[in-house]
file target_32.txt (compact mmCIF, C-alpha atoms)
# COMPACT_ATOMS: atom_id res chain seq x y z
CA MET A 286 177.59 176.49 125.42
CA THR A 287 174.33 177.44 123.89
CA VAL A 288 171.21 175.35 124.37
CA ARG A 289 171.22 174.41 120.71
CA ARG A 290 174.81 173.18 120.83
CA THR A 291 174.15 171.25 124.05
CA LEU A 292 171.20 169.45 122.45
CA LEU A 293 173.33 168.62 119.39
CA VAL A 294 176.05 167.13 121.61
CA ILE A 295 173.46 165.04 123.51
CA VAL A 296 171.95 163.73 120.25
CA VAL A 297 175.38 162.84 118.83
CA PHE A 298 176.45 161.03 122.01
CA THR A 299 173.13 159.16 122.17
CA MET A 300 173.51 158.01 118.57
CA LEU A 301 177.13 157.04 119.18
CA ALA A 302 176.19 155.04 122.29
CA ALA A 303 173.40 153.26 120.41
CA ALA A 304 175.72 152.44 117.51
CA CYS A 305 178.40 151.06 119.85
CA GLY A 306 175.86 148.95 121.72
CA ALA A 307 174.44 147.49 118.49
CA SER A 308 177.84 146.68 116.95
CA GLY A 309 178.12 143.38 118.79
CA SER A 310 181.75 143.96 119.82
CA ASN A 311 183.24 141.98 122.66
CA ASP A 312 184.75 145.07 124.30
CA ALA A 313 184.02 145.06 128.02
CA ALA A 314 183.17 148.76 127.94
CA SER A 315 180.45 148.42 125.31
CA ALA A 316 176.87 147.69 126.29
CA PRO A 317 175.66 144.14 125.53
CA SER A 318 173.28 143.83 122.58
CA THR A 319 171.37 140.85 123.99
CA THR A 320 169.50 140.26 127.22
CA VAL A 321 171.72 138.58 129.80
CA ALA A 322 171.38 137.25 133.31
CA ALA A 323 174.15 138.15 135.75
CA THR A 324 175.13 136.11 138.78
CA THR A 325 177.71 137.08 141.36
CA THR A 326 179.86 134.44 143.03
CA ALA A 327 182.80 134.75 145.38
CA THR A 328 185.93 132.77 144.48
CA ALA A 329 187.68 133.16 147.86
CA PRO A 330 186.70 133.90 151.45
CA PRO A 331 184.59 137.08 151.67
CA THR A 332 187.24 138.99 153.61
CA THR A 333 189.90 138.95 150.88
CA ALA A 334 188.22 138.20 147.55
CA GLN A 335 186.51 140.45 145.09
CA PRO A 336 183.23 139.12 143.66
CA THR A 337 183.27 138.08 140.01
CA THR A 338 180.39 138.43 137.61
CA THR A 339 179.39 135.66 135.22
CA VAL A 340 177.15 136.63 132.33
CA ALA A 341 175.04 133.98 130.62
CA PRO A 342 172.62 134.57 127.73
CA ILE A 343 168.94 133.99 128.39
CA THR A 344 167.45 131.66 125.82
CA THR A 345 163.79 131.81 124.96
CA VAL A 346 162.13 128.85 123.28
CA ALA A 347 159.13 129.68 121.13
CA PRO A 348 156.07 127.59 122.01
CA ASP A 349 155.07 124.85 119.59
CA PRO A 350 152.22 126.28 117.45
CA ALA A 351 150.29 123.02 117.85
CA SER A 352 150.27 123.47 121.63
CA LEU A 353 148.46 126.81 121.20
CA LEU A 354 145.70 125.21 119.11
CA ARG A 355 142.59 124.07 120.94
CA ILE A 356 140.19 121.42 119.69
CA ASN A 357 137.36 123.94 119.36
CA ASP A 358 139.57 126.09 117.07
CA ILE A 359 139.24 123.44 114.34
CA GLN A 360 136.17 123.00 112.19
CA VAL A 361 135.83 120.21 109.64
CA LEU A 362 132.88 119.33 107.46
CA GLY A 363 132.89 115.60 106.91
CA SER A 364 130.66 112.74 105.96
CA HIS A 365 130.47 109.05 106.78
CA ASN A 366 129.70 106.30 104.26
CA SER A 367 128.88 108.89 101.62
CA TYR A 368 129.94 106.73 98.70
CA HIS A 369 126.95 104.35 98.46
CA LEU A 370 125.66 103.67 94.97
CA GLN A 371 122.30 102.14 94.16
CA PRO A 372 122.62 98.48 93.11
CA GLN A 373 122.19 97.58 89.46
CA PRO A 374 118.56 96.83 88.52
CA LYS A 375 119.10 93.03 88.24
CA ILE A 376 120.65 92.87 91.72
CA LEU A 377 117.92 95.08 93.16
CA ALA A 378 115.22 92.85 91.59
CA THR A 379 116.84 89.73 93.05
CA LEU A 380 117.02 91.35 96.51
CA SER A 381 113.38 92.45 96.21
CA ALA A 382 112.40 88.81 95.62
CA LEU A 383 114.15 87.85 98.86
CA SER A 384 113.27 90.90 100.97
CA VAL A 385 111.37 93.96 99.79
CA GLU A 386 112.33 95.83 102.94
CA LEU A 387 116.07 95.21 102.33
CA ALA A 388 115.80 96.20 98.66
CA GLU A 389 114.03 99.46 99.55
CA SER A 390 116.62 100.28 102.24
CA ILE A 391 119.50 100.25 99.73
CA GLU A 392 117.67 101.74 96.74
CA TYR A 393 119.49 105.10 96.79
CA SER A 394 122.77 106.69 95.73
CA HIS A 395 125.01 109.38 97.12
CA LEU A 396 126.46 112.09 94.95
CA PRO A 397 129.83 111.22 93.41
CA LEU A 398 132.73 111.92 95.80
CA THR A 399 134.24 114.58 93.52
CA GLU A 400 130.96 116.51 93.60
CA GLN A 401 130.72 116.18 97.39
CA LEU A 402 134.28 117.51 97.75
CA ASP A 403 133.94 120.35 95.24
CA THR A 404 130.38 121.50 95.90
CA TYR A 405 129.94 120.91 99.63
CA GLY A 406 133.53 121.07 100.89
CA ILE A 407 133.22 117.68 102.55
CA ARG A 408 136.51 116.09 103.54
call {"tool": "encode", "arguments": {"input": "target_32.txt", "output": "structure tokens"}}
result
Amino acid sequence: MTVRRTLLVIVVFTMLAAACGASGSNDAASAPSTTVAATTTATAPPTTAQPTTTVAPITTVAPDPASLLRINDIQVLGSHNSYHLQPQPKILATLSALSVELAESIEYSHLPLTEQLDTYGIR
């Protein structure tokens, strides 16, 4: 045989072997298409018995994506008590009569929540 013909025969047999192995047939002569673990056990005393081979598929469980996430992988921009509105003028005047310090401490307003969410990304 020529070198060219020999290479062609090797390529054809390689493709044929790959196709047979990927077909998923249950023929004992074909190569398995999945990874398997083989164990050998004797069914009779070692002097008279032939060992048998048991093939079991290896199962792989994908890790839970949440278990791969670390606390420092998460970033959140948040706020606390960011919904305070300044009291109405009559209420503020009444509080000022009782305690100027208290009235001054609550004389402010936060931005509306929709603006905080949209503009600053606060959640």
call {"tool": "closest_residue", "arguments": {"input": "target_32.txt", "among": "A:Ala378, A:Val297, A:Ile356, A:Leu362", "to": "Ile407 (chain A)", "atoms": "only C-alpha atoms"}}
result
A:Leu362
call {"tool": "atom_distance", "arguments": {"input": "target_32.txt", "atom1": "CA of Gln401 (chain A)", "atom2": "CA of Gln373 (chain A)"}}
result
21.9 Å
call {"tool": "closest_residue", "arguments": {"input": "target_32.txt", "among": "A:Val361, A:Leu354, A:Leu370, A:Ala388", "to": "Tyr405 (chain A)", "atoms": "only C-alpha atoms"}}
result
A:Val361
call {"tool": "atom_distance", "arguments": {"input": "target_32.txt", "atom1": "CA of His395 (chain A)", "atom2": "CA of Tyr368 (chain A)"}}
result
5.8 Å
call {"tool": "closest_residue", "arguments": {"input": "target_32.txt", "among": "A:Ile295, A:Met300, A:Leu396, A:Ile343", "to": "Asn366 (chain A)", "atoms": "only C-alpha atoms"}}
result
A:Leu396
